[in-house]
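So this block is upload_5.cif, mmCIF, C-alpha atoms:
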```cif
data_protein
#
loop_
_atom_site.label_atom_id
_atom_site.label_comp_id
_atom_site.auth_asym_id
_atom_site.auth_seq_id
_atom_site.Cartn_x
_atom_site.Cartn_y
_atom_site.Cartn_z
CA MET A 1 -27.42 23.28 26.33
CA THR A 2 -29.41 20.44 27.86
CA ALA A 3 -27.89 17.67 29.92
CA THR A 4 -28.91 15.17 27.21
CA VAL A 5 -26.92 16.99 24.53
CA VAL A 6 -23.92 17.42 26.84
CA ALA A 7 -23.93 13.66 27.47
CA GLN A 8 -23.64 13.07 23.72
CA ARG A 9 -20.59 15.30 23.29
CA LEU A 10 -17.56 13.71 21.69
CA TYR A 11 -14.94 16.09 23.09
CA SER A 12 -16.10 16.85 26.61
CA VAL A 13 -12.55 17.24 27.99
CA ALA A 14 -10.29 18.65 25.28
CA ASP A 15 -12.99 20.89 23.75
CA TRP A 16 -13.36 23.07 26.86
CA TYR A 17 -15.46 25.80 25.19
CA ASP A 18 -17.61 23.31 23.27
CA ALA A 19 -16.75 24.20 19.67
CA GLU A 20 -18.42 20.89 18.87
CA ALA A 21 -21.76 22.64 19.44
CA LEU A 22 -21.32 24.08 15.94
CA LEU A 23 -21.82 20.58 14.53
CA SER A 24 -25.24 19.26 13.64
CA THR A 25 -26.65 16.12 15.22
CA GLU A 26 -26.07 14.28 11.93
CA GLU A 27 -22.46 15.44 11.74
CA ARG A 28 -21.81 14.27 15.29
CA ARG A 29 -23.37 10.93 14.44
CA VAL A 30 -20.96 10.41 11.52
CA LEU A 31 -18.02 11.43 13.70
CA GLY A 32 -19.26 9.01 16.33
CA ARG A 33 -19.00 6.18 13.80
CA LEU A 34 -15.45 7.27 13.06
CA ARG A 35 -14.67 7.44 16.79
CA THR A 36 -15.94 3.90 17.34
CA PHE A 37 -13.88 2.54 14.45
CA LEU A 38 -10.71 4.30 15.61
CA GLU A 39 -11.12 3.18 19.21
CA THR A 40 -11.94 -0.46 18.46
CA GLU A 41 -10.11 -1.23 15.20
CA ALA A 42 -7.27 1.25 14.81
CA LYS A 43 -5.99 2.08 18.29
CA PRO A 44 -4.98 -1.51 19.21
CA LEU A 45 -2.65 -1.60 16.17
CA LEU A 46 -0.96 1.78 16.42
CA ALA A 47 1.99 1.12 18.76
CA GLU A 48 3.02 -2.05 16.92
CA TYR A 49 2.86 -0.54 13.44
CA TRP A 50 4.48 2.73 14.53
CA GLU A 51 7.44 0.79 15.89
CA ARG A 52 7.61 -1.34 12.72
CA GLY A 53 7.48 1.73 10.52
CA GLU A 54 4.64 0.28 8.47
CA PHE A 55 1.15 1.49 7.69
CA PRO A 56 -1.66 -0.86 8.84
CA GLU A 57 -3.11 -1.44 5.39
CA GLN A 58 -5.99 -3.45 6.86
CA LEU A 59 -7.43 -0.14 8.11
CA ALA A 60 -7.45 1.58 4.70
CA GLN A 61 -10.56 0.09 3.11
CA PRO A 62 -12.66 0.18 6.31
CA LEU A 63 -11.77 3.88 6.67
CA ILE A 64 -12.82 4.47 3.07
CA ASP A 65 -16.05 2.53 3.65
CA LEU A 66 -16.99 4.89 6.50
CA ASP A 67 -17.87 7.41 3.74
CA LEU A 68 -16.34 10.39 5.50
CA MET A 69 -15.52 12.72 2.62
CA GLU A 70 -19.09 13.48 1.53
CA PRO A 71 -21.23 11.31 3.83
CA ALA A 72 -24.49 10.26 2.18
CA ASP A 73 -26.47 10.87 5.36
CA LEU A 74 -25.30 14.50 5.42
CA THR A 75 -26.04 15.35 1.80
CA VAL A 76 -29.75 14.50 1.82
CA ASP A 77 -30.78 17.86 3.30
CA ALA A 78 -27.43 19.64 3.73
CA PRO A 79 -23.96 18.90 2.36
CA ALA A 80 -20.97 18.23 4.58
CA ARG A 81 -19.69 21.57 5.85
CA GLY A 82 -16.19 22.81 6.44
CA ILE A 83 -16.60 22.50 10.19
CA PHE A 84 -17.45 18.82 9.76
CA HIS A 85 -14.38 18.25 7.59
CA GLY A 86 -12.28 20.00 10.24
CA PHE A 87 -13.54 17.86 13.09
CA ARG A 88 -13.10 14.76 10.94
CA ILE A 89 -9.40 15.65 10.67
CA PHE A 90 -9.31 16.50 14.38
CA GLU A 91 -10.74 13.08 15.29
CA LEU A 92 -8.24 11.24 13.08
CA ALA A 93 -5.26 13.25 14.40
CA ARG A 94 -6.48 12.86 17.99
CA THR A 95 -6.01 9.12 17.40
CA ASP A 96 -2.88 9.15 15.24
CA ALA A 97 -1.07 11.71 13.08
CA SER A 98 -0.21 9.18 10.36
CA LEU A 99 -3.85 8.16 9.97
CA ALA A 100 -4.83 11.82 9.67
CA THR A 101 -2.03 12.50 7.17
CA TRP A 102 -2.94 9.42 5.12
CA TYR A 103 -6.60 10.38 4.89
CA THR A 104 -6.01 14.07 4.18
CA ALA A 105 -3.53 13.18 1.43
CA GLN A 106 -6.63 12.14 -0.53
CA ALA A 107 -9.43 14.17 1.06
CA GLY A 108 -7.38 17.36 1.41
CA LEU A 109 -4.32 17.62 -0.82
CA PHE A 110 -5.36 15.57 -3.84
CA ARG A 111 -8.98 16.68 -3.74
CA THR A 112 -7.92 20.32 -3.52
CA ALA A 113 -5.57 19.86 -6.47
CA ILE A 114 -8.49 18.61 -8.57
CA ARG A 115 -10.96 21.19 -7.24
CA VAL A 116 -8.64 24.13 -7.86
CA GLY A 117 -6.55 22.89 -10.79
CA ALA A 118 -8.84 20.80 -12.99
CA SER A 119 -11.12 22.19 -15.66
CA ASP A 120 -14.88 21.77 -15.32
CA GLU A 121 -14.78 18.81 -17.69
CA GLN A 122 -11.93 17.17 -15.80
CA GLN A 123 -13.69 17.71 -12.48
CA LYS A 124 -16.85 16.06 -13.76
CA GLU A 125 -14.82 13.00 -14.69
CA TRP A 126 -12.42 12.81 -11.75
CA MET A 127 -14.05 14.33 -8.67
CA PRO A 128 -16.60 11.53 -8.04
CA LYS A 129 -13.72 9.04 -8.21
CA VAL A 130 -11.67 11.12 -5.80
CA ILE A 131 -14.53 11.23 -3.31
CA ASP A 132 -15.13 7.46 -3.35
CA PHE A 133 -11.37 6.68 -3.52
CA SER A 134 -11.68 4.81 -6.82
CA LEU A 135 -9.04 7.27 -8.06
CA LYS A 136 -6.39 7.59 -5.36
CA GLY A 137 -3.82 10.32 -5.73
CA VAL A 138 -1.08 12.21 -3.92
CA PHE A 139 0.24 15.76 -4.06
CA SER A 140 3.80 15.69 -5.41
CA LEU A 141 5.35 19.13 -5.00
CA THR A 142 8.36 18.97 -2.64
CA GLU A 143 11.71 18.06 -4.19
CA PRO A 144 14.96 16.67 -2.76
CA GLU A 145 16.66 20.08 -2.91
CA HIS A 146 13.63 22.36 -2.73
CA GLY A 147 11.11 22.62 0.08
CA SER A 148 10.57 26.10 1.48
CA ASP A 149 11.97 27.64 -1.72
CA ILE A 150 9.85 25.52 -4.04
CA ALA A 151 8.11 28.51 -5.65
CA GLY A 152 11.28 29.68 -7.34
CA GLY A 153 13.39 26.56 -7.01
CA LEU A 154 11.13 23.87 -8.47
CA SER A 155 13.40 22.02 -10.90
CA THR A 156 11.31 19.12 -12.24
CA THR A 157 10.76 19.89 -15.93
CA ALA A 158 7.92 19.34 -18.38
CA ARG A 159 8.40 19.42 -22.14
CA PHE A 160 5.43 19.38 -24.54
CA GLU A 161 5.62 17.24 -27.65
CA PRO A 162 2.87 17.86 -30.21
CA GLY A 163 0.90 14.94 -31.55
CA PRO A 164 -2.48 14.43 -33.21
CA GLY A 165 -4.59 17.42 -32.22
CA THR A 166 -3.32 20.22 -30.01
CA GLU A 167 -3.01 20.85 -26.29
CA PRO A 168 -5.04 20.45 -24.09
CA ASP A 169 -6.45 17.38 -25.89
CA GLY A 170 -3.62 16.17 -28.11
CA GLY A 171 0.09 15.48 -27.81
CA SER A 172 1.94 14.55 -24.65
CA TRP A 173 4.25 15.96 -22.01
CA VAL A 174 7.63 14.55 -20.99
CA LEU A 175 8.58 14.93 -17.33
CA ASP A 176 12.04 14.71 -15.77
CA GLY A 177 13.08 15.31 -12.18
CA ALA A 178 12.47 14.07 -8.64
CA LYS A 179 10.03 14.54 -5.77
CA ARG A 180 10.53 13.73 -2.10
CA TRP A 181 8.51 13.21 1.08
CA ILE A 182 5.43 12.20 -0.91
CA GLY A 183 3.18 10.41 1.56
CA GLY A 184 1.04 7.56 0.27
CA ALA A 185 2.66 7.45 -3.17
CA SER A 186 3.21 3.68 -3.11
CA THR A 187 -0.54 2.94 -2.96
CA ALA A 188 -1.80 5.80 -5.15
CA ASP A 189 -3.18 5.36 -8.65
CA VAL A 190 -1.81 8.69 -9.85
CA LEU A 191 0.79 11.20 -8.70
CA CYS A 192 -0.19 14.85 -9.04
CA VAL A 193 3.23 16.10 -10.17
CA PHE A 194 4.14 19.77 -10.42
CA ALA A 195 6.77 20.58 -13.04
CA ARG A 196 8.19 23.66 -14.75
CA ASP A 197 7.34 24.02 -18.42
CA VAL A 198 10.62 24.49 -20.29
CA ALA A 199 8.83 26.59 -22.92
CA ASP A 200 7.53 29.40 -20.69
CA GLY A 201 9.15 28.70 -17.31
CA GLN A 202 5.77 28.41 -15.60
CA VAL A 203 4.67 25.62 -13.25
CA LYS A 204 2.11 23.12 -14.57
CA ALA A 205 0.46 20.10 -12.93
CA PHE A 206 0.01 16.56 -14.25
CA LEU A 207 -1.67 13.35 -13.15
CA VAL A 208 1.04 10.74 -13.66
CA ASP A 209 0.25 7.03 -13.59
CA ARG A 210 2.19 5.58 -10.65
CA VAL A 211 3.34 2.61 -12.75
CA ALA A 212 4.18 4.59 -15.90
CA ASP A 213 7.50 3.91 -17.60
CA GLY A 214 10.22 6.00 -16.02
CA VAL A 215 8.54 6.40 -12.61
CA ILE A 216 10.67 5.02 -9.77
CA LEU A 217 9.40 5.02 -6.17
CA GLU A 218 11.68 4.42 -3.17
CA LYS A 219 10.51 4.27 0.44
CA ILE A 220 12.23 6.76 2.73
CA HIS A 221 13.72 4.83 5.65
CA GLY A 222 15.09 5.92 9.00
CA LYS A 223 12.32 8.33 9.98
CA THR A 224 11.76 9.18 13.65
CA SER A 225 8.42 10.91 13.02
CA LEU A 226 5.23 9.80 11.24
CA ARG A 227 6.75 6.35 11.10
CA MET A 228 3.55 4.68 9.92
CA MET A 229 3.12 7.07 6.99
CA GLN A 230 4.92 5.72 3.94
CA ASN A 231 6.83 8.62 2.38
CA ALA A 232 8.43 8.16 -1.00
CA HIS A 233 11.31 9.54 -3.01
CA ILE A 234 10.07 9.67 -6.61
CA THR A 235 12.33 9.78 -9.65
CA LEU A 236 10.89 10.76 -13.04
CA ASN A 237 12.96 9.74 -16.05
CA ASN A 238 11.54 10.74 -19.42
CA VAL A 239 7.98 10.03 -18.20
CA ARG A 240 5.31 10.56 -20.85
CA VAL A 241 1.96 11.99 -19.77
CA PRO A 242 -0.99 12.44 -22.16
CA ALA A 243 -1.95 16.10 -22.60
CA ALA A 244 -5.44 15.29 -21.33
CA MET A 245 -3.88 14.46 -17.94
CA ARG A 246 -2.54 17.96 -17.40
CA LEU A 247 -4.62 19.97 -14.92
CA HIS A 248 -5.87 22.61 -17.31
CA ASN A 249 -6.31 25.39 -14.75
CA VAL A 250 -2.73 25.29 -13.43
CA ASP A 251 -0.61 27.68 -15.48
CA SER A 252 1.75 29.18 -12.88
CA PHE A 253 2.85 28.83 -9.28
CA LYS A 254 0.14 31.35 -8.41
CA ASP A 255 -2.37 28.55 -9.06
CA VAL A 256 -0.36 26.19 -6.85
CA ALA A 257 -0.34 28.83 -4.11
CA ALA A 258 -4.14 28.88 -4.22
CA MET A 259 -4.10 25.17 -3.39
CA LEU A 260 -1.65 25.64 -0.52
CA ARG A 261 -3.77 28.48 0.84
CA ALA A 262 -6.73 26.10 1.13
CA MET A 263 -4.77 23.10 2.41
CA ARG A 264 -2.90 24.73 5.30
CA SER A 265 -6.10 24.83 7.31
CA ASP A 266 -6.18 21.01 7.22
CA VAL A 267 -2.71 20.87 8.76
CA ALA A 268 -3.75 23.31 11.47
CA TRP A 269 -6.62 20.94 12.33
CA ILE A 270 -4.11 18.06 12.46
CA ALA A 271 -1.87 20.03 14.82
CA THR A 272 -4.87 20.72 17.04
CA GLY A 273 -5.96 17.07 17.04
CA ILE A 274 -2.47 15.89 17.98
CA GLN A 275 -2.61 18.17 21.01
CA ALA A 276 -5.95 16.69 22.06
CA GLY A 277 -4.64 13.14 21.73
CA ALA A 278 -1.49 13.84 23.73
CA PHE A 279 -3.44 15.74 26.40
CA GLU A 280 -6.07 13.04 26.82
CA ALA A 281 -3.42 10.32 27.08
CA ALA A 282 -1.47 12.33 29.67
CA LEU A 283 -4.60 13.14 31.65
CA ALA A 284 -5.64 9.48 31.79
CA TYR A 285 -2.15 8.54 32.95
CA VAL A 286 -1.84 11.08 35.78
CA ARG A 287 -5.29 10.19 37.08
CA GLU A 288 -4.19 6.57 37.56
CA ARG A 289 -0.50 6.86 38.36
CA GLN A 290 0.43 6.89 42.05
CA GLN A 291 3.56 8.63 43.38
CA PHE A 292 4.43 9.41 47.03
CA GLY A 293 1.18 7.70 47.99
CA ARG A 294 -0.98 10.09 45.97
CA SER A 295 -2.44 10.37 42.50
CA LEU A 296 0.06 12.07 40.20
CA GLY A 297 -2.75 14.33 39.04
CA SER A 298 -3.11 15.78 42.56
CA PHE A 299 0.25 17.58 42.46
CA GLN A 300 0.29 21.32 41.81
CA LEU A 301 3.01 21.29 39.16
CA VAL A 302 1.26 18.54 37.22
CA GLN A 303 -2.02 20.42 37.32
CA GLU A 304 -0.31 23.58 36.06
CA LYS A 305 1.02 21.67 33.05
CA LEU A 306 -2.40 20.17 32.36
CA ALA A 307 -3.93 23.65 32.46
CA ARG A 308 -1.36 24.98 29.96
CA MET A 309 -2.04 22.06 27.63
CA LEU A 310 -5.76 22.70 27.76
CA GLY A 311 -5.18 26.41 27.14
CA ASN A 312 -3.16 25.61 24.03
CA ILE A 313 -5.82 23.24 22.70
CA THR A 314 -8.62 25.72 23.38
CA ALA A 315 -6.74 28.53 21.62
CA SER A 316 -5.93 26.22 18.69
CA LEU A 317 -9.54 25.15 18.30
CA SER A 318 -10.60 28.79 18.31
CA LEU A 319 -8.15 29.53 15.51
CA VAL A 320 -9.09 26.62 13.25
CA VAL A 321 -12.84 26.96 13.81
CA ARG A 322 -12.79 30.66 12.93
CA LEU A 323 -10.55 30.10 9.91
CA THR A 324 -12.86 27.33 8.70
CA GLU A 325 -15.87 29.61 9.08
CA GLN A 326 -14.16 32.30 7.02
CA GLN A 327 -13.26 29.84 4.28
CA GLY A 328 -16.86 28.67 4.26
CA TRP A 329 -17.79 32.26 3.38
CA GLY A 330 -15.29 32.19 0.51
CA ILE A 331 -12.56 34.18 2.30
CA TYR A 332 -9.18 32.62 1.50
CA ARG A 333 -6.08 34.64 2.35
CA ASP A 334 -2.51 33.37 2.55
CA GLN A 335 -1.88 35.14 5.84
CA ASP A 336 -4.94 33.61 7.50
CA SER A 337 -4.06 29.98 6.81
CA ALA A 338 -0.39 30.75 7.53
CA LEU A 339 -1.27 32.19 10.94
CA ALA A 340 -3.38 29.16 11.87
CA LYS A 341 -0.72 26.68 10.77
CA MET A 342 2.11 28.58 12.43
CA GLN A 343 0.42 29.14 15.78
CA THR A 344 -1.29 25.76 16.20
CA SER A 345 2.00 24.02 15.36
CA LEU A 346 3.88 26.16 17.86
CA MET A 347 1.35 25.36 20.60
CA MET A 348 1.36 21.71 19.53
CA ARG A 349 5.09 21.50 20.16
CA GLU A 350 4.65 22.79 23.72
CA THR A 351 1.59 20.66 24.41
CA VAL A 352 3.18 17.35 23.42
CA ALA A 353 6.32 18.25 25.37
CA LEU A 354 4.26 18.95 28.48
CA ALA A 355 2.34 15.72 28.00
CA ARG A 356 5.61 13.80 27.83
CA GLU A 357 6.85 15.57 30.95
CA VAL A 358 3.90 14.68 33.16
CA VAL A 359 4.05 11.04 32.11
CA GLY A 360 7.71 10.93 33.15
CA GLY A 361 9.90 8.04 32.03
CA ASN A 362 6.90 6.20 30.65
CA GLY A 363 6.42 9.14 28.30
CA ILE A 364 9.15 7.79 26.03
CA THR A 365 7.46 4.39 25.64
CA LEU A 366 4.70 3.60 23.16
CA ALA A 367 2.56 1.99 25.86
CA ALA A 368 1.38 5.34 27.24
CA ASP A 369 0.53 6.74 23.74
CA VAL A 370 2.18 10.09 24.50
CA ALA A 371 5.49 9.18 22.84
CA ARG A 372 3.79 8.69 19.46
CA PHE A 373 2.23 12.15 19.54
CA HIS A 374 5.47 13.68 20.82
CA ALA A 375 7.51 12.29 17.93
CA ASP A 376 4.90 12.76 15.19
CA ALA A 377 4.39 16.41 16.08
CA GLU A 378 7.84 17.23 14.69
CA ALA A 379 6.83 16.27 11.15
CA VAL A 380 3.60 18.27 11.34
CA TYR A 381 5.55 21.25 12.69
CA SER A 382 7.55 21.33 9.44
CA TYR A 383 5.27 20.25 6.61
CA GLU A 384 2.87 22.55 4.70
CA GLY A 385 5.13 25.49 5.48
CA THR A 386 7.72 25.74 8.24
CA HIS A 387 7.25 28.12 11.17
CA GLU A 388 9.60 30.63 9.55
CA ILE A 389 7.94 30.56 6.12
CA ASN A 390 4.47 31.06 7.59
CA ALA A 391 5.77 33.86 9.81
CA LEU A 392 7.15 35.65 6.73
CA ILE A 393 3.81 35.29 4.92
CA ILE A 394 2.12 36.95 7.89
CA GLY A 395 4.85 39.59 8.15
CA ARG A 396 4.46 40.47 4.48
CA ALA A 397 0.72 40.98 4.98
CA LEU A 398 1.32 43.14 8.08
CA THR A 399 4.02 45.41 6.65
CA GLY A 400 3.50 45.29 2.91
CA ALA A 401 7.18 44.37 2.53
CA SER A 402 8.39 40.91 1.57
CA ALA A 403 11.30 39.56 3.61
CA PHE A 404 11.68 36.45 1.43
CA THR A 405 15.14 36.13 -0.11
CA ASN A 406 15.65 35.58 -3.82
#
```
Could you quickly redo this structure as structure tokens?
Amino acid sequence: MTATVVAQRLYSVADWYDAEALLSTEERRVLGRLRTFLETEAKPLLAEYWERGEFPEQLAQPLIDLDLMEPADLTVDAPARGIFHGFRIFELARTDASLATWYTAQAGLFRTAIRVGASDEQQKEWMPKVIDFSLKGVFSLTEPEHGSDIAGGLSTTARFEPGPGTEPDGGSWVLDGAKRWIGGASTADVLCVFARDVADGQVKAFLVDRVADGVILEKIHGKTSLRMMQNAHITLNNVRVPAAMRLHNVDSFKDVAAMLRAMRSDVAWIATGIQAGAFEAALAYVRERQQFGRSLGSFQLVQEKLARMLGNITASLSLVVRLTEQQGWGIYRDQDSALAKMQTSLMMRETVALAREVVGGNGITLAADVARFHADAEAVYSYEGTHEINALIIGRALTGASAFTN
């Protein structure tokens, strides 16, 4: 690699083995635009809004205008690749976990729901609107009493009522139940709600108008993690949904699992980006901080912690890059995405803890940035499959025996 190319690298410190070299010049240019926006427009707001527990809505439209989902300047000769999408998530999470979660709610979860669950006709109508954010949606699966056991425990119901014509074009569905922890619901146009059909007991998916009669949204207060992300408790009381708004290719939880299989890689990229952000903030601090008449970064124990953090980030990047390459070849296996999510989250937990340690008492204040990453990591550690659930998915693949309880 020439000195000129090295000088243009975005991740010269955290990306020790230069995974960024897999990106094209055009992809790095788009990410550079994102980097500039995050550094100049977003970063100055983060501590204040994190403490307030509010999302900086003034950043939403400028982020959308950056055209990051399918950038026009990448699709002229070659479409945006999986590795670009991964580094886009990495860059967002390296700045703030809530920003990354907010963006991937649309670009990852909702887009995947449409890509996997919608019929060809539905995709032709909805996908362009998903990409340009003119149709904003959220993935509404988790329930108040069912998270890890959602496959068998999902209790929101859907009842079909015939009307003029037949399903999938005629009649309507009536939904009853509740969803919880749904990030971005308050600003979405539609809620992608998963409900169990009372007729056959199978899980179906529906695009529900956020302001439809019977839909009640309540902000979840008192969070100590992802404080900027607005999570909602959603109640569905006798909510009517036109049959045409059912995702026609979702007929069982097996179809939902296909979505989760694809989306867990996004969360692994978030976990990796959080590590990079915490590490970079800690490194900047110890280079400047003086203790005992010396730079804090000159002490052996501090350097050992920095080395462990970098090792975790490097291993995490290796995992997510390889997983993304495999998915680009059409290889999607539950155990692969589960392994990436489980291991990057585990290393993330250690990395942010080490970052907080080396920053000392200032590591619990928002001024040094580390505290934000330290707290937000806990939410990422749990969502899109807990450590234990992902471990059991991997164990099932290794042994051929399922250890999940009924």
Evaluating the PyMOL selection byres ((chain A and resi 327-337) around 6) on the displayed file yields which residues, as an mmCIF file with C-alpha atoms, keeping the file's coordinate frame?
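Result written to selection-v5.cif:
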```
data_model
loop_
_atom_site.group_PDB
_atom_site.id
_atom_site.type_symbol
_atom_site.label_atom_id
_atom_site.label_comp_id
_atom_site.auth_asym_id
_atom_site.auth_seq_id
_atom_site.Cartn_x
_atom_site.Cartn_y
_atom_site.Cartn_z
ATOM 1 C CA ARG A 261 -3.770 28.480 0.840
ATOM 2 C CA ARG A 264 -2.900 24.730 5.300
ATOM 3 C CA SER A 265 -6.100 24.830 7.310
ATOM 4 C CA THR A 324 -12.860 27.330 8.700
ATOM 5 C CA GLU A 325 -15.870 29.610 9.080
ATOM 6 C CA GLN A 326 -14.160 32.300 7.020
ATOM 7 C CA ALA A 338 -0.390 30.750 7.530
ATOM 8 C CA LEU A 339 -1.270 32.190 10.940
ATOM 9 C CA ALA A 340 -3.380 29.160 11.870
ATOM 10 C CA ILE A 393 3.810 35.290 4.920
ATOM 11 C CA ILE A 394 2.120 36.950 7.890
#
```
Completion exercise
Students should find that CA of Ala14 (chain A) and CA of Thr101 (chain A) are spaced 20.8 Å
Practice task
Name the closest residue to Ala268 (chain A) among the candidates A:Trp50, A:Phe373, A:Phe133, A:Phe90; distances are taken between atoms, counting all atoms listed in the file.
Solution key: A:Phe90
Exercise for the section: Take CA of Val116 (chain A) and CA of Leu260 (chain A) and report the distance between them in Å, one decimal. Expected result: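 Atom-to-atom, CA of Val116 (chain A) and CA of Leu260 (chain A) are spaced 10.2 Å apart.
The interatomic distance for the pair CA of Phe404 (chain A) and CA of Ser252 (chain A) works out to 18.9 Å.
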Practice task
Choose the residue, out of A:Glu121, A:Ala401, A:Ile64, A:Ala195, that has the smallest atom-to-atom separation from Lys136 (chain A); count all atoms listed in the file.
Solution key: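 Looking at the shortest contact to Lys136 (chain A), the residue is A:Ile64.
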Please check which residues have atoms at most 9 Å from (-1.9, 28.9, 20.3) in the file's coordinates, counting only C-alpha atoms, and write them as a CSV table (one decimal) with C-alpha atoms, keeping the file's coordinate frame.
```csv
chain,number,residue,atom,x,y,z
A,311,GLY,CA,-5.2,26.4,27.1
A,312,ASN,CA,-3.2,25.6,24.0
A,313,ILE,CA,-5.8,23.2,22.7
A,314,THR,CA,-8.6,25.7,23.4
A,315,ALA,CA,-6.7,28.5,21.6
A,316,SER,CA,-5.9,26.2,18.7
A,317,LEU,CA,-9.5,25.2,18.3
A,318,SER,CA,-10.6,28.8,18.3
A,319,LEU,CA,-8.2,29.5,15.5
A,340,ALA,CA,-3.4,29.2,11.9
A,342,MET,CA,2.1,28.6,12.4
A,343,GLN,CA,0.4,29.1,15.8
A,344,THR,CA,-1.3,25.8,16.2
A,345,SER,CA,2.0,24.0,15.4
A,346,LEU,CA,3.9,26.2,17.9
A,347,MET,CA,1.4,25.4,20.6
A,348,MET,CA,1.4,21.7,19.5
```
Once the PyMOL selection byres ((chain A and resi 93) around 12) has been evaluated on this model, what residues remain selected, and can you format them as a PDB file with C-alpha atoms, in the frame of the given file?
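Writing the result to out.pdb gives the following:
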```pdb
ATOM      1  CA  LEU A  34     -15.450   7.270  13.060  1.00  0.00           C
ATOM      2  CA  ARG A  35     -14.670   7.440  16.790  1.00  0.00           C
ATOM      3  CA  LEU A  38     -10.710   4.300  15.610  1.00  0.00           C
ATOM      4  CA  LYS A  43      -5.990   2.080  18.290  1.00  0.00           C
ATOM      5  CA  GLY A  86     -12.280  20.000  10.240  1.00  0.00           C
ATOM      6  CA  PHE A  87     -13.540  17.860  13.090  1.00  0.00           C
ATOM      7  CA  ARG A  88     -13.100  14.760  10.940  1.00  0.00           C
ATOM      8  CA  ILE A  89      -9.400  15.650  10.670  1.00  0.00           C
ATOM      9  CA  PHE A  90      -9.310  16.500  14.380  1.00  0.00           C
ATOM     10  CA  GLU A  91     -10.740  13.080  15.290  1.00  0.00           C
ATOM     11  CA  LEU A  92      -8.240  11.240  13.080  1.00  0.00           C
ATOM     12  CA  ARG A  94      -6.480  12.860  17.990  1.00  0.00           C
ATOM     13  CA  THR A  95      -6.010   9.120  17.400  1.00  0.00           C
ATOM     14  CA  ASP A  96      -2.880   9.150  15.240  1.00  0.00           C
ATOM     15  CA  ALA A  97      -1.070  11.710  13.080  1.00  0.00           C
ATOM     16  CA  SER A  98      -0.210   9.180  10.360  1.00  0.00           C
ATOM     17  CA  LEU A  99      -3.850   8.160   9.970  1.00  0.00           C
ATOM     18  CA  ALA A 100      -4.830  11.820   9.670  1.00  0.00           C
ATOM     19  CA  THR A 101      -2.030  12.500   7.170  1.00  0.00           C
ATOM     20  CA  TRP A 102      -2.940   9.420   5.120  1.00  0.00           C
ATOM     21  CA  TYR A 103      -6.600  10.380   4.890  1.00  0.00           C
ATOM     22  CA  THR A 104      -6.010  14.070   4.180  1.00  0.00           C
ATOM     23  CA  LEU A 226       5.230   9.800  11.240  1.00  0.00           C
ATOM     24  CA  ASP A 266      -6.180  21.010   7.220  1.00  0.00           C
ATOM     25  CA  VAL A 267      -2.710  20.870   8.760  1.00  0.00           C
ATOM     26  CA  ALA A 268      -3.750  23.310  11.470  1.00  0.00           C
ATOM     27  CA  TRP A 269      -6.620  20.940  12.330  1.00  0.00           C
ATOM     28  CA  ILE A 270      -4.110  18.060  12.460  1.00  0.00           C
ATOM     29  CA  ALA A 271      -1.870  20.030  14.820  1.00  0.00           C
ATOM     30  CA  THR A 272      -4.870  20.720  17.040  1.00  0.00           C
ATOM     31  CA  GLY A 273      -5.960  17.070  17.040  1.00  0.00           C
ATOM     32  CA  ILE A 274      -2.470  15.890  17.980  1.00  0.00           C
ATOM     33  CA  GLN A 275      -2.610  18.170  21.010  1.00  0.00           C
ATOM     34  CA  ALA A 276      -5.950  16.690  22.060  1.00  0.00           C
ATOM     35  CA  GLY A 277      -4.640  13.140  21.730  1.00  0.00           C
ATOM     36  CA  ALA A 278      -1.490  13.840  23.730  1.00  0.00           C
ATOM     37  CA  MET A 348       1.360  21.710  19.530  1.00  0.00           C
ATOM     38  CA  ARG A 372       3.790   8.690  19.460  1.00  0.00           C
ATOM     39  CA  PHE A 373       2.230  12.150  19.540  1.00  0.00           C
ATOM     40  CA  ASP A 376       4.900  12.760  15.190  1.00  0.00           C
ATOM     41  CA  ALA A 377       4.390  16.410  16.080  1.00  0.00           C
ATOM     42  CA  VAL A 380       3.600  18.270  11.340  1.00  0.00           C
TER      43      VAL A 380
END
```
Problem - Distance criterion (all atoms listed in the file): nearest to Gly147 (chain A) out of A:Ala199, A:Lys179, A:Leu354, A:Val174 - result: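 Of the candidates, the smallest distance to Gly147 (chain A) is held by A:Lys179.
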Exercise for the section: For the file shown, report as a PyMOL selection string the outcome of the PyMOL selection byres ((chain A and resi 205-208) around 9) at residue level. Expected result: chain A and resi 113+117+137+173+189-196+203-204+209-212+215+239-243+245-251+256
Exercise for the section: Name the closest residue to Ile216 (chain A) among the candidates A:Asn390, A:Thr40, A:Ser186, A:Ser295; distances are taken between atoms, counting all atoms listed in the file. Expected result: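 Of the candidates, the smallest distance to Ile216 (chain A) is held by A:Ser186.
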Practice task
Would you kindly return, as an MDAnalysis selection string, each protein, DNA or RNA residue with an atom no farther than 12 Å from any atom of Thr156 (chain A), considering only C-alpha atoms and excluding same-chain residues fewer than 3 positions away?
Solution key: chainID A and resid 140:146 150:153 159 174:180 193:198 201:206 234:239
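Compared by their closest atoms to Lys219 (chain A), and using all atoms listed in the file, the residues A:Ala47, A:Thr36, A:Gly163, A:Glu54 rank with A:Glu54 nearest.
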Problem - Neighbour list for Lys129 (chain A) as a ChimeraX atom specification, cut-off 12 Å, all atoms listed in the file, skip fewer than 6 positions in-chain - result: /A:69-70,106-107,110-111,114,122-123,135-137,189
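You can rank A:Ile131, A:Ala397, A:Ala371, A:Leu45 by their closest distance to Thr224 (chain A) using all atoms listed in the file, and at the top of that list sits A:Ala371.
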Problem - Spatial neighbours of region 27-30 of chain A, max dist 8 Å, only C-alpha atoms, sep filter under 4 positions, as a PyMOL selection string - result: chain A and resi 10+23+34+68+71+74+80+84
